[in-house]
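S.K.: My structure is stored as run-v9.cif, with mmCIF, C-alpha atoms and all ligand atoms.
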```
data_entry
#
loop_
_atom_site.label_atom_id
_atom_site.label_comp_id
_atom_site.auth_asym_id
_atom_site.auth_seq_id
_atom_site.Cartn_x
_atom_site.Cartn_y
_atom_site.Cartn_z
CA MET A 1 0.00 0.00 0.00
CA THR A 2 1.31 3.46 -0.84
CA THR A 3 0.49 6.51 1.18
CA ASN A 4 0.51 10.04 -0.15
CA VAL A 5 2.13 12.03 2.60
CA THR A 6 1.28 15.38 0.98
CA SER A 7 -1.43 16.44 -1.37
CA SER A 8 -0.33 18.86 -4.11
CA GLY A 9 -2.20 21.66 -2.35
CA ALA A 10 -0.22 20.98 0.80
CA GLU A 11 3.02 20.90 -1.22
CA ASP A 12 2.25 24.29 -2.69
CA ARG A 13 1.52 25.67 0.75
CA LEU A 14 4.82 24.26 1.99
CA ALA A 15 6.78 25.70 -0.97
CA HIS A 16 5.27 29.16 -0.44
CA SER A 17 5.76 29.14 3.27
CA ALA A 18 9.30 27.78 3.06
CA ALA A 19 10.18 30.43 0.44
CA ALA A 20 8.67 33.19 2.58
CA HIS A 21 10.91 31.99 5.40
CA GLY A 22 14.04 32.13 3.20
CA THR A 23 14.48 28.48 2.24
CA LYS A 24 13.97 26.23 -0.75
CA PRO A 25 13.18 22.50 -0.68
CA LEU A 26 16.27 20.50 -1.63
CA TRP A 27 14.19 17.97 -3.57
CA SER A 28 12.89 20.61 -5.94
CA SER A 29 16.20 22.37 -6.56
CA ARG A 30 18.44 19.49 -7.62
CA GLY A 31 18.96 20.87 -11.10
CA GLU A 32 20.54 23.99 -9.62
CA TRP A 33 23.40 22.28 -7.82
CA GLN A 34 23.71 18.77 -9.27
CA VAL A 35 25.61 20.18 -12.21
CA ASN A 36 28.13 18.19 -14.15
CA ASP A 37 28.56 20.96 -16.64
CA HIS A 38 29.48 24.57 -16.07
CA ALA A 39 28.29 28.06 -16.72
CA GLU A 40 31.34 29.07 -18.78
CA VAL A 41 31.05 28.07 -22.44
CA PRO A 42 33.60 27.49 -25.21
CA HIS A 43 34.41 30.84 -26.76
CA ALA A 44 37.09 32.63 -28.81
CA TRP A 45 38.08 36.30 -28.89
CA ARG A 46 39.50 37.22 -32.28
CA TRP A 47 42.62 39.33 -32.66
CA GLU A 48 41.44 40.38 -36.10
CA GLU A 49 38.32 41.89 -34.57
CA LEU A 50 39.74 43.29 -31.35
CA ARG A 51 43.05 44.82 -32.49
CA GLY A 52 41.10 47.73 -33.99
CA ASP A 53 39.20 48.25 -30.73
CA LEU A 54 42.52 48.40 -28.88
CA SER A 55 43.81 51.09 -31.26
CA LEU A 56 40.60 53.03 -30.80
CA ALA A 57 40.88 52.73 -27.02
CA ALA A 58 44.49 53.96 -27.24
CA GLU A 59 43.26 56.98 -29.20
CA VAL A 60 40.25 57.98 -27.13
CA VAL A 61 40.96 56.78 -23.57
CA PRO A 62 43.69 58.69 -21.73
CA MET A 63 45.86 56.62 -19.41
CA GLU A 64 45.19 59.09 -16.57
CA MET A 65 41.58 57.93 -16.74
CA ALA A 66 42.01 54.22 -17.42
CA GLU A 67 45.15 53.44 -15.32
CA ARG A 68 45.25 50.21 -17.39
CA ARG A 69 43.86 50.25 -20.92
CA ALA A 70 42.50 46.71 -20.83
CA LEU A 71 39.54 45.15 -22.64
CA LEU A 72 38.26 42.39 -20.36
CA PHE A 73 37.15 39.13 -22.00
CA CYS A 74 33.50 38.30 -21.21
CA ASN A 75 32.52 34.65 -21.46
CA PRO A 76 28.97 34.59 -22.93
CA GLY A 77 27.95 31.92 -20.40
CA LEU A 78 28.70 34.10 -17.40
CA GLY A 79 25.83 36.57 -17.66
CA GLY A 80 27.82 39.64 -18.66
CA LEU A 81 30.50 39.32 -15.98
CA PRO A 82 33.97 40.27 -17.29
CA PHE A 83 35.33 36.78 -16.56
CA MET A 84 36.72 34.15 -18.96
CA THR A 85 35.87 31.22 -16.67
CA GLY A 86 34.57 30.85 -13.15
CA THR A 87 38.14 31.20 -11.89
CA MET A 88 40.00 33.37 -14.42
CA LEU A 89 39.76 36.93 -15.67
CA GLY A 90 41.66 37.99 -18.79
CA ALA A 91 42.18 40.98 -21.05
CA TYR A 92 44.08 42.40 -24.01
CA GLN A 93 45.91 45.46 -22.65
CA ILE A 94 47.42 48.19 -24.83
CA THR A 95 50.00 50.76 -23.70
CA ARG A 96 51.22 53.55 -25.97
CA PRO A 97 54.84 54.72 -26.31
CA GLY A 98 55.92 56.73 -23.28
CA GLU A 99 52.90 55.86 -21.16
CA ARG A 100 53.05 54.61 -17.58
CA CYS A 101 50.37 52.80 -15.58
CA PRO A 102 50.42 53.66 -11.87
CA VAL A 103 51.34 51.20 -9.15
CA HIS A 104 48.79 49.08 -7.27
CA SER A 105 48.43 45.64 -5.73
CA HIS A 106 45.65 43.10 -5.21
CA THR A 107 45.18 39.74 -3.53
CA ALA A 108 44.53 38.11 -6.89
CA SER A 109 47.62 36.93 -8.75
CA ALA A 110 48.26 38.20 -12.27
CA SER A 111 50.30 37.29 -15.32
CA ARG A 112 51.12 39.02 -18.61
CA PHE A 113 51.97 37.39 -21.93
CA LEU A 114 53.37 39.79 -24.49
CA LEU A 115 52.00 39.75 -28.04
CA GLU A 116 53.09 42.98 -29.74
CA GLY A 117 55.71 45.74 -29.44
CA GLU A 118 59.16 46.16 -27.91
CA GLY A 119 60.00 48.18 -24.80
CA GLY A 120 56.94 47.21 -22.75
CA TYR A 121 57.64 46.40 -19.15
CA THR A 122 56.04 45.72 -15.83
CA ASN A 123 57.70 46.55 -12.55
CA VAL A 124 56.95 43.80 -10.00
CA ASN A 125 57.98 44.57 -6.42
CA GLY A 126 60.73 46.86 -7.69
CA GLU A 127 62.03 44.53 -10.42
CA LYS A 128 61.68 45.99 -13.91
CA CYS A 129 60.68 43.16 -16.24
CA VAL A 130 61.10 44.12 -19.91
CA LEU A 131 59.17 41.87 -22.29
CA SER A 132 59.39 40.69 -25.89
CA ARG A 133 56.84 38.65 -27.85
CA GLY A 134 56.13 35.32 -26.15
CA ASP A 135 57.65 36.35 -22.80
CA LEU A 136 55.60 35.60 -19.69
CA VAL A 137 55.75 37.57 -16.45
CA MET A 138 54.32 36.61 -13.06
CA THR A 139 52.75 39.12 -10.68
CA PRO A 140 52.18 36.95 -7.59
CA ARG A 141 49.37 37.78 -5.15
CA GLY A 142 49.93 40.96 -3.20
CA THR A 143 52.89 42.24 -5.22
CA PHE A 144 52.90 45.91 -6.17
CA HIS A 145 53.09 46.44 -9.92
CA ASP A 146 53.20 49.33 -12.37
CA HIS A 147 53.68 49.14 -16.13
CA GLY A 148 55.13 51.25 -18.90
CA ASN A 149 56.21 51.42 -22.52
CA ASP A 150 59.75 52.71 -23.22
CA GLY A 151 59.50 51.75 -26.91
CA ASP A 152 58.25 53.63 -29.96
CA GLN A 153 55.34 51.31 -30.85
CA ASP A 154 52.18 50.26 -29.03
CA VAL A 155 52.63 47.34 -26.64
CA VAL A 156 49.87 44.75 -26.36
CA TRP A 157 49.80 41.88 -23.90
CA VAL A 158 47.30 39.42 -22.46
CA ASP A 159 46.59 39.63 -18.72
CA ILE A 160 45.31 36.52 -16.93
CA LEU A 161 44.35 36.79 -13.26
CA ASP A 162 42.78 34.40 -10.74
CA MET A 163 40.51 37.23 -9.58
CA PRO A 164 37.12 35.42 -9.97
CA LEU A 165 38.47 32.67 -7.72
CA ALA A 166 39.69 35.22 -5.17
CA ILE A 167 36.27 36.93 -5.31
CA THR A 168 34.43 33.61 -4.89
CA LEU A 169 36.50 32.91 -1.80
CA ASN A 170 35.78 36.43 -0.46
CA SER A 171 39.46 37.23 -0.53
CA ASN A 172 40.02 39.88 -3.18
CA THR A 173 41.44 43.11 -1.84
CA PHE A 174 42.93 46.03 -3.77
CA SER A 175 45.38 48.77 -2.80
CA ASN A 176 46.95 51.73 -4.51
CA GLU A 177 48.51 52.95 -1.29
CA TYR A 178 52.11 52.46 -2.22
CA VAL A 179 54.85 54.18 -0.24
CA GLU A 180 58.60 54.10 -0.63
CA ALA A 181 61.60 55.97 0.71
CA PRO A 182 62.81 58.79 -1.55
CA GLU A 183 65.95 58.10 -3.56
CA GLY A 184 68.24 59.95 -1.18
CA GLY A 185 66.78 58.10 1.84
CA GLY A 186 64.32 59.19 4.57
CA ASP A 187 60.82 58.19 5.59
CA PRO A 188 58.60 56.40 3.05
CA VAL A 189 56.20 58.68 1.15
CA PRO A 190 53.29 57.89 -1.22
CA ALA A 191 54.54 57.21 -4.77
CA ARG A 192 52.74 56.73 -8.10
CA PHE A 193 55.40 54.45 -9.57
CA GLN A 194 57.99 52.14 -8.04
CA ARG A 195 61.66 52.83 -8.23
CA GLU A 196 63.80 49.91 -9.35
CA HIS A 197 64.90 48.13 -6.20
CA VAL A 198 66.90 45.39 -7.94
CA ALA A 199 68.60 45.22 -11.35
CA SER A 200 66.26 44.80 -14.32
CA GLY A 201 65.91 41.08 -15.09
CA TYR A 202 67.25 40.12 -11.65
CA SER A 203 65.05 37.09 -10.94
CA THR A 204 65.50 35.59 -14.42
CA ARG A 205 69.27 35.90 -14.03
CA VAL A 206 69.19 34.25 -10.60
CA TYR A 207 66.64 31.47 -11.23
CA GLY A 208 66.13 31.25 -15.00
CA THR A 209 68.43 28.36 -15.84
CA GLY A 210 66.43 25.79 -13.80
CA GLY A 211 68.29 22.93 -12.17
CA LEU A 212 71.02 25.20 -10.80
CA ARG A 213 70.01 27.06 -7.68
CA PRO A 214 72.24 29.79 -6.27
CA ARG A 215 72.45 28.90 -2.58
CA PHE A 216 73.59 32.40 -1.61
CA VAL A 217 70.23 33.93 -2.62
CA ASN A 218 67.04 33.57 -0.61
CA ASP A 219 64.05 35.56 -1.87
CA GLU A 220 60.89 35.04 0.13
CA ARG A 221 58.00 34.64 -2.33
CA GLY A 222 55.67 32.30 -0.46
CA ALA A 223 54.18 29.63 -2.72
CA SER A 224 54.71 31.65 -5.91
CA SER A 225 57.72 31.41 -8.18
CA PRO A 226 60.71 33.59 -7.22
CA GLN A 227 61.35 33.88 -10.97
CA PHE A 228 59.13 36.59 -12.48
CA VAL A 229 59.97 36.38 -16.20
CA TYR A 230 60.01 33.26 -18.40
CA GLU A 231 61.61 34.28 -21.69
CA TRP A 232 60.26 32.96 -24.98
CA ALA A 233 63.80 32.50 -26.39
CA GLN A 234 64.53 29.89 -23.72
CA THR A 235 61.08 28.27 -24.00
CA GLU A 236 61.45 28.00 -27.78
CA GLU A 237 64.85 26.39 -27.45
CA ARG A 238 63.44 23.76 -25.06
CA LEU A 239 60.41 23.05 -27.29
CA ASN A 240 62.72 22.51 -30.25
CA ALA A 241 65.04 20.28 -28.22
CA LEU A 242 62.07 18.06 -27.29
CA ARG A 243 60.12 18.06 -30.54
CA ASP A 244 61.21 14.52 -31.53
CA PHE A 245 59.78 12.93 -28.40
CA ASP A 246 56.39 11.23 -28.73
CA GLY A 247 54.94 13.74 -26.28
CA ASP A 248 51.64 13.30 -24.46
CA PRO A 249 48.81 11.85 -26.60
CA HIS A 250 46.44 14.62 -25.44
CA ASP A 251 48.77 17.56 -24.91
CA GLY A 252 51.64 16.87 -27.33
CA ILE A 253 54.94 18.57 -26.49
CA LEU A 254 53.77 20.59 -23.51
CA LEU A 255 56.13 22.41 -21.14
CA GLU A 256 54.92 23.79 -17.83
CA PHE A 257 56.52 26.92 -16.38
CA VAL A 258 57.33 25.97 -12.79
CA ASN A 259 58.65 27.47 -9.61
CA PRO A 260 62.39 26.69 -9.97
CA ILE A 261 62.79 26.16 -6.21
CA SER A 262 59.90 23.77 -5.55
CA GLY A 263 59.30 22.35 -9.04
CA GLU A 264 55.59 23.07 -8.49
CA SER A 265 53.24 25.28 -10.51
CA ALA A 266 54.47 28.87 -10.89
CA MET A 267 51.50 30.06 -8.81
CA PRO A 268 49.53 28.15 -6.16
CA THR A 269 46.26 28.75 -8.03
CA LEU A 270 47.25 28.84 -11.71
CA GLY A 271 49.49 26.76 -13.96
CA PHE A 272 51.18 28.17 -17.06
CA SER A 273 52.22 26.13 -20.09
CA MET A 274 53.55 26.36 -23.63
CA GLN A 275 52.55 23.65 -26.04
CA LEU A 276 54.01 22.75 -29.43
CA ILE A 277 51.61 21.09 -31.86
CA ARG A 278 53.76 19.86 -34.71
CA PRO A 279 52.93 20.27 -38.40
CA GLY A 280 49.97 18.05 -39.25
CA GLU A 281 49.65 16.87 -35.63
CA ARG A 282 46.21 15.93 -34.30
CA LEU A 283 45.99 15.30 -30.57
CA ALA A 284 43.69 12.77 -28.88
CA PRO A 285 40.55 13.93 -27.03
CA HIS A 286 40.29 14.10 -23.26
CA ARG A 287 38.64 16.17 -20.55
CA HIS A 288 39.51 17.37 -17.07
CA SER A 289 37.88 19.22 -14.22
CA SER A 290 40.16 22.25 -14.67
CA SER A 291 39.32 25.09 -17.05
CA THR A 292 41.96 26.50 -19.40
CA THR A 293 42.49 29.75 -21.25
CA TYR A 294 44.59 29.70 -24.42
CA VAL A 295 46.52 32.32 -26.40
CA VAL A 296 47.78 31.39 -29.88
CA LEU A 297 51.43 32.39 -30.10
CA ARG A 298 52.11 30.88 -33.52
CA GLY A 299 50.27 29.19 -36.37
CA HIS A 300 46.64 28.26 -36.81
CA GLY A 301 44.43 25.26 -36.15
CA GLU A 302 41.23 23.90 -34.72
CA THR A 303 40.00 22.52 -31.45
CA GLU A 304 37.12 20.08 -31.18
CA LEU A 305 35.47 21.48 -28.10
CA GLY A 306 32.35 19.95 -26.56
CA GLY A 307 30.98 18.93 -29.97
CA GLU A 308 31.87 22.22 -31.70
CA THR A 309 34.84 23.04 -33.89
CA LEU A 310 36.56 26.21 -32.82
CA THR A 311 39.17 27.58 -35.24
CA TRP A 312 42.06 29.73 -34.06
CA ALA A 313 44.79 31.90 -35.54
CA GLU A 314 47.73 33.93 -34.24
CA ASN A 315 47.03 36.09 -31.15
CA ASP A 316 43.47 34.75 -30.76
CA VAL A 317 42.35 33.85 -27.26
CA PHE A 318 39.97 31.00 -26.43
CA VAL A 319 38.48 29.20 -23.47
CA LEU A 320 38.17 25.53 -22.65
CA PRO A 321 35.45 25.18 -19.98
CA ALA A 322 35.87 22.65 -17.17
CA TRP A 323 35.05 19.00 -17.91
CA THR A 324 34.62 19.60 -21.64
CA GLU A 325 35.95 17.11 -24.19
CA HIS A 326 38.60 18.68 -26.38
CA ALA A 327 41.22 17.81 -28.98
CA HIS A 328 43.59 20.27 -30.68
CA ARG A 329 44.77 20.03 -34.27
CA ASN A 330 47.45 21.97 -36.10
CA GLY A 331 45.88 23.43 -39.25
CA SER A 332 49.13 23.39 -41.20
CA ALA A 333 51.07 20.48 -42.67
CA SER A 334 54.31 22.48 -42.77
CA ASP A 335 54.39 24.93 -39.85
CA ASP A 336 54.30 24.62 -36.06
CA ALA A 337 51.36 25.75 -33.97
CA ILE A 338 52.22 27.03 -30.49
CA LEU A 339 49.65 27.56 -27.74
CA TYR A 340 50.27 29.36 -24.47
CA SER A 341 47.79 28.37 -21.78
CA VAL A 342 46.77 29.10 -18.21
CA SER A 343 44.89 26.55 -16.13
CA ASP A 344 43.28 26.46 -12.69
CA ARG A 345 44.48 22.87 -12.26
CA PRO A 346 46.89 23.76 -9.39
CA ALA A 347 44.00 25.19 -7.34
CA LEU A 348 41.87 22.10 -7.98
CA GLU A 349 44.76 19.75 -7.17
CA ARG A 350 45.38 21.51 -3.88
CA LEU A 351 41.71 21.06 -3.01
CA GLY A 352 41.72 17.41 -4.12
CA TRP A 353 39.17 18.14 -6.85
CA TYR A 354 41.24 17.59 -9.98
CA ARG A 355 40.28 14.68 -12.21
CA GLU A 356 40.72 13.83 -15.85
CA GLU A 357 39.78 11.10 -18.30
CA ALA A 358 40.50 10.10 -21.86
CA VAL A 359 37.31 9.96 -23.94
C1 LIG B 401 44.89 44.74 -13.26
O1 LIG B 401 45.39 45.18 -12.10
C2 LIG B 401 45.66 44.74 -14.41
O2 LIG B 401 47.61 45.47 -13.32
C3 LIG B 401 45.11 44.26 -15.58
O3 LIG B 401 47.62 45.42 -15.46
C4 LIG B 401 43.82 43.82 -15.65
C5 LIG B 401 41.72 43.39 -14.56
C6 LIG B 401 40.93 43.44 -13.43
C7 LIG B 401 41.42 43.90 -12.26
C8 LIG B 401 42.73 44.33 -12.16
C9 LIG B 401 47.07 45.25 -14.38
C10 LIG B 401 43.02 43.84 -14.50
C11 LIG B 401 43.55 44.30 -13.30
#
```
Would you write out, as structure tokens, the structure that this file holds?
Ligand code: 1HN

M.R.:
Amino acid sequence: MTTNVTSSGAEDRLAHSAAAHGTKPLWSSRGEWQVNDHAEVPHAWRWEELRGDLSLAAEVVPMEMAERRALLFCNPGLGGLPFMTGTMLGAYQITRPGERCPVHSHTASASRFLLEGEGGYTNVNGEKCVLSRGDLVMTPRGTFHDHGNDGDQDVVWVDILDMPLAITLNSNTFSNEYVEAPEGGGDPVPARFQREHVASGYSTRVYGTGGLRPRFVNDERGASSPQFVYEWAQTEERLNALRDFDGDPHDGILLEFVNPISGESAMPTLGFSMQLIRPGERLAPHRHSSSTTYVVLRGHGETELGGETLTWAENDVFVLPAWTEHAHRNGSASDDAILYSVSDRPALERLGWYREEAV
């Protein structure tokens, strides 16, 4: 014998009353939390379309007003928020010759990957980091940073920050209250830009060889890499040295930028990689619980992404949502394709939530 414990009229009364008292029945809200897919969707931002917007921004938006002239990437699945995924925020940022962006800091960690122009730099905790195309610079959580362009052409880079994650965990703070002692000495005073406190390129010189650690140096950087800049020239040399290996069936010849002291991801929340997809190469599909943002450094190709085919070309940016099947393919039979990527895998691994499977 079955017994109806509630009539539908009684259920309605319960739902209304429970809602009026600030609750919702678990059994009628399963679809809202039992999600195996994610709000962020596959999406690409096209260099061809956005480079003109950057030039226009450079023309009409004064740096004094913008502080950073960045166009934030909005994932169409995230309801208009300026986030690429649930964990990562990204932007194309343009700086004109002679401009400087004032110093600030935030809890969220940031990174820059240079696409265009010579003479662009960021000053991270008093270390001036000058960048060329394909160079990557870390701005670990809480570090003060200002930028500038000493060159005679526009500088464009891609910023990727873990700010949505920091916001979700109620931990994002921001400060532009920077003080430092004047050059001749004395008490610290508010400053708009940092002076150079160490030689330009210091941390790359000290840590950049990997495998050889100077024991007479001890920079305290917490869980983030003490090396700020990873130069493309060195990355390219390593990719070429390894190109005849089989590589990973899903990721090909992929190199991760790591903390040279611990061997772990360059930041506790985000992992940074450079991936060579050889001429004609087609990688095998897989999926993982981390989300990834990609920037195309070289070449063109396609990614099968959750049942869609997303094409990409140089300087384009695209998003791989969490737990989405994907397989990359080089679109050329004669030239390399090279993808730079940032992943939230380190955060998930630290929480014990990372998983992956071949499909
Ligand atoms: C930021 O501080 C920078 O320092 C770039 O260049 C993009 C996007 C959101 C919030 C802070 C920068 C940013 C940002």

S.K.: Throw together the list of residues within 7 Å of ligand LIG 401 (chain B), counting only C-alpha atoms and all ligand atoms, and drop it here as a tab-separated table (two decimals) with C-alpha atoms, keeping the file's coordinate frame.

M.R.:
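Resulting contents of out_7.tsv:
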```tsv
chain	number	residue	atom	x	y	z
A	68	ARG	CA	45.25	50.21	-17.39
A	70	ALA	CA	42.50	46.71	-20.83
A	72	LEU	CA	38.26	42.39	-20.36
A	89	LEU	CA	39.76	36.93	-15.67
A	90	GLY	CA	41.66	37.99	-18.79
A	91	ALA	CA	42.18	40.98	-21.05
A	145	HIS	CA	53.09	46.44	-9.92
A	146	ASP	CA	53.20	49.33	-12.37
A	159	ASP	CA	46.59	39.63	-18.72
```

S.K.: List as a Markdown table every residue of range 136-164 of chain A that is in contact with range 79-82 of chain A, defined as an atom at most 12 Å from one of its atoms (using all atoms listed in the file), together with the nearest atom pair and the distance in Å rounded to one decimal, sorted by chain and then rising number.

M.R.:
```
| residue | atom | partner | partner_atom | distance |
| --- | --- | --- | --- | --- |
| A:Ile160 | CA | A:Pro82 | CA | 11.9 |
| A:Leu161 | CA | A:Pro82 | CA | 11.7 |
| A:Met163 | CA | A:Pro82 | CA | 10.6 |
| A:Pro164 | CA | A:Pro82 | CA | 9.3 |
```

S.K.: Which residues, written as a PyMOL selection string, have at least one atom at most 12 Å from Arg355 in chain A, with only C-alpha atoms counted and residues fewer than 3 positions away on the same chain left out?

M.R.: chain A and resi 286-291+322-323+345-346+348-352+358

S.K.: Go ahead and save the residues from that selection, with C-alpha atoms, as a compact mmCIF listing (two decimals), in the coordinates of the input.

M.R.:
```txt
# COMPACT_ATOMS: atom_id res chain seq x y z
CA HIS A 286 40.29 14.10 -23.26
CA ARG A 287 38.64 16.17 -20.55
CA HIS A 288 39.51 17.37 -17.07
CA SER A 289 37.88 19.22 -14.22
CA SER A 290 40.16 22.25 -14.67
CA SER A 291 39.32 25.09 -17.05
CA ALA A 322 35.87 22.65 -17.17
CA TRP A 323 35.05 19.00 -17.91
CA ARG A 345 44.48 22.87 -12.26
CA PRO A 346 46.89 23.76 -9.39
CA LEU A 348 41.87 22.10 -7.98
CA GLU A 349 44.76 19.75 -7.17
CA ARG A 350 45.38 21.51 -3.88
CA LEU A 351 41.71 21.06 -3.01
CA GLY A 352 41.72 17.41 -4.12
CA ALA A 358 40.50 10.10 -21.86
```

S.K.: Tell me which protein, DNA and RNA residues are within 12 Å of Leu239 in chain A, counting all atoms listed in the file, leaving out same-chain ones fewer than 3 positions away, and put them as a JSON list (two decimals) with C-alpha atoms, in the frame of the given file.

M.R.:
```
[["chain", "number", "residue", "atom", "x", "y", "z"],
["A", 232, "TRP", "CA", 60.26, 32.96, -24.98],
["A", 233, "ALA", "CA", 63.80, 32.50, -26.39],
["A", 234, "GLN", "CA", 64.53, 29.89, -23.72],
["A", 235, "THR", "CA", 61.08, 28.27, -24.00],
["A", 236, "GLU", "CA", 61.45, 28.00, -27.78],
["A", 242, "LEU", "CA", 62.07, 18.06, -27.29],
["A", 243, "ARG", "CA", 60.12, 18.06, -30.54],
["A", 244, "ASP", "CA", 61.21, 14.52, -31.53],
["A", 245, "PHE", "CA", 59.78, 12.93, -28.40],
["A", 247, "GLY", "CA", 54.94, 13.74, -26.28],
["A", 252, "GLY", "CA", 51.64, 16.87, -27.33],
["A", 253, "ILE", "CA", 54.94, 18.57, -26.49],
["A", 254, "LEU", "CA", 53.77, 20.59, -23.51],
["A", 255, "LEU", "CA", 56.13, 22.41, -21.14],
["A", 256, "GLU", "CA", 54.92, 23.79, -17.83],
["A", 273, "SER", "CA", 52.22, 26.13, -20.09],
["A", 274, "MET", "CA", 53.55, 26.36, -23.63],
["A", 275, "GLN", "CA", 52.55, 23.65, -26.04],
["A", 276, "LEU", "CA", 54.01, 22.75, -29.43],
["A", 277, "ILE", "CA", 51.61, 21.09, -31.86],
["A", 278, "ARG", "CA", 53.76, 19.86, -34.71],
["A", 336, "ASP", "CA", 54.30, 24.62, -36.06],
["A", 337, "ALA", "CA", 51.36, 25.75, -33.97],
["A", 338, "ILE", "CA", 52.22, 27.03, -30.49],
["A", 339, "LEU", "CA", 49.65, 27.56, -27.74]]
```

S.K.: Can you sort out the box for range 225-243 of chain A, edges along x, y and z, all listed atoms in, 8 Å on every side, with centre and edge lengths in Å to one decimal, as AutoDock Vina command-line options?

M.R.:
```
--center_x 61.4 --center_y 27.3 --center_z -18.9 --size_x 23.3 --size_y 34.5 --size_z 39.3
```

S.K.: Report as a list in words all protein, DNA and RNA residues lying within 10 Å of Thr309 in chain A, evaluated on only C-alpha atoms, omitting residues in the same chain fewer than 2 positions from it.

M.R.: Pro42, Glu302, Thr303, Glu304, Leu305, Gly306, Gly307, Thr311, Trp312, His326, Ala327 and His328 of chain A

S.K.: Please report the interatomic distance between CA of Ser265 in chain A and CA of Val342 in chain A in Å with one decimal.

M.R.: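 Rounded to one decimal, the two atoms are 10.8 Å apart.
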
S.K.: Go through A:Ala333, A:Met267, A:Ile261, A:Leu131 and flag the residue nearest Glu281 in chain A, using only C-alpha atoms for the distances.

M.R.: A:Ala333

S.K.: Between A:Ala44, A:Val103, A:Ala191, A:Leu310, which is the closest to Glu67 in chain A once you count all atoms listed in the file?

M.R.: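 Once distances to Glu67 in chain A are computed over all atoms listed in the file, the minimum belongs to A:Val103.
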
S.K.: Could you please determine the separation between CA of Lys128 in chain A and CA of Val295 in chain A in Å, to one decimal place?

M.R.: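 Between CA of Lys128 in chain A and CA of Val295 in chain A the gap is 23.9 Å.
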
S.K.: I'd like the contact shell of Gly331 in chain A - 7 Å cut-off, all atoms listed in the file, skipping same-chain residues fewer than 6 positions apart - returned as a PyMOL selection string.

M.R.: chain A and resi 280+300-302

S.K.: Point out the residue among A:Phe113, A:Tyr92, A:Trp353, A:Phe318 with the least atom-to-atom distance to Val130 in chain A, counting all atoms listed in the file.

M.R.: A:Phe113

S.K.: What gap, in Å, lies between CA of Cys101 in chain A and CA of Asn123 in chain A?

M.R.: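 Separation of CA of Cys101 in chain A and CA of Asn123 in chain A: 10.1 Å.
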
S.K.: Find, counting only C-alpha atoms, the residue in A:Tyr230, A:Tyr294, A:Phe272, A:Tyr178 that gets nearest to Ser132 in chain A.

M.R.: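 Looking only at the distances to Ser132 in chain A, the closest residue turns out to be A:Tyr230.
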
S.K.: Pick out the closest residue to Asp316 in chain A from this set: A:Ala266, A:Val137, A:Leu115, A:Leu78. Count all atoms listed in the file.

M.R.: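 Checking each candidate against Asp316 in chain A, we get A:Leu115 as the closest.
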
S.K.: Using the partial input, fill out range 117-125 of chain A with N, CA, C and O atoms; write the result as a tab-separated table (two decimals), in the frame of the given file.

M.R.:
```
chain	number	residue	atom	x	y	z
A	117	GLY	N	54.94	44.55	-29.83
A	117	GLY	CA	55.71	45.74	-29.44
A	117	GLY	C	56.96	45.38	-28.64
A	117	GLY	O	57.04	44.32	-28.02
A	118	GLU	N	57.92	46.30	-28.69
A	118	GLU	CA	59.16	46.16	-27.91
A	118	GLU	C	59.20	47.32	-26.92
A	118	GLU	O	58.70	48.41	-27.21
A	119	GLY	N	59.83	47.09	-25.78
A	119	GLY	CA	60.00	48.18	-24.80
A	119	GLY	C	58.93	48.21	-23.73
A	119	GLY	O	58.98	49.05	-22.83
A	120	GLY	N	57.97	47.29	-23.80
A	120	GLY	CA	56.94	47.21	-22.75
A	120	GLY	C	57.53	46.54	-21.52
A	120	GLY	O	58.36	45.64	-21.64
A	121	TYR	N	57.13	47.02	-20.38
A	121	TYR	CA	57.64	46.40	-19.15
A	121	TYR	C	56.60	46.45	-18.06
A	121	TYR	O	55.64	47.23	-18.11
A	122	THR	N	56.79	45.60	-17.07
A	122	THR	CA	56.04	45.72	-15.83
A	122	THR	C	57.06	45.68	-14.70
A	122	THR	O	58.07	44.98	-14.78
A	123	ASN	N	56.80	46.47	-13.70
A	123	ASN	CA	57.70	46.55	-12.55
A	123	ASN	C	57.03	45.82	-11.39
A	123	ASN	O	56.00	46.26	-10.90
A	124	VAL	N	57.57	44.65	-11.02
A	124	VAL	CA	56.95	43.80	-10.00
A	124	VAL	C	57.81	43.86	-8.74
A	124	VAL	O	58.97	43.45	-8.76
A	125	ASN	N	57.23	44.42	-7.68
A	125	ASN	CA	57.98	44.57	-6.42
A	125	ASN	C	59.38	45.14	-6.64
A	125	ASN	O	60.36	44.63	-6.10
```
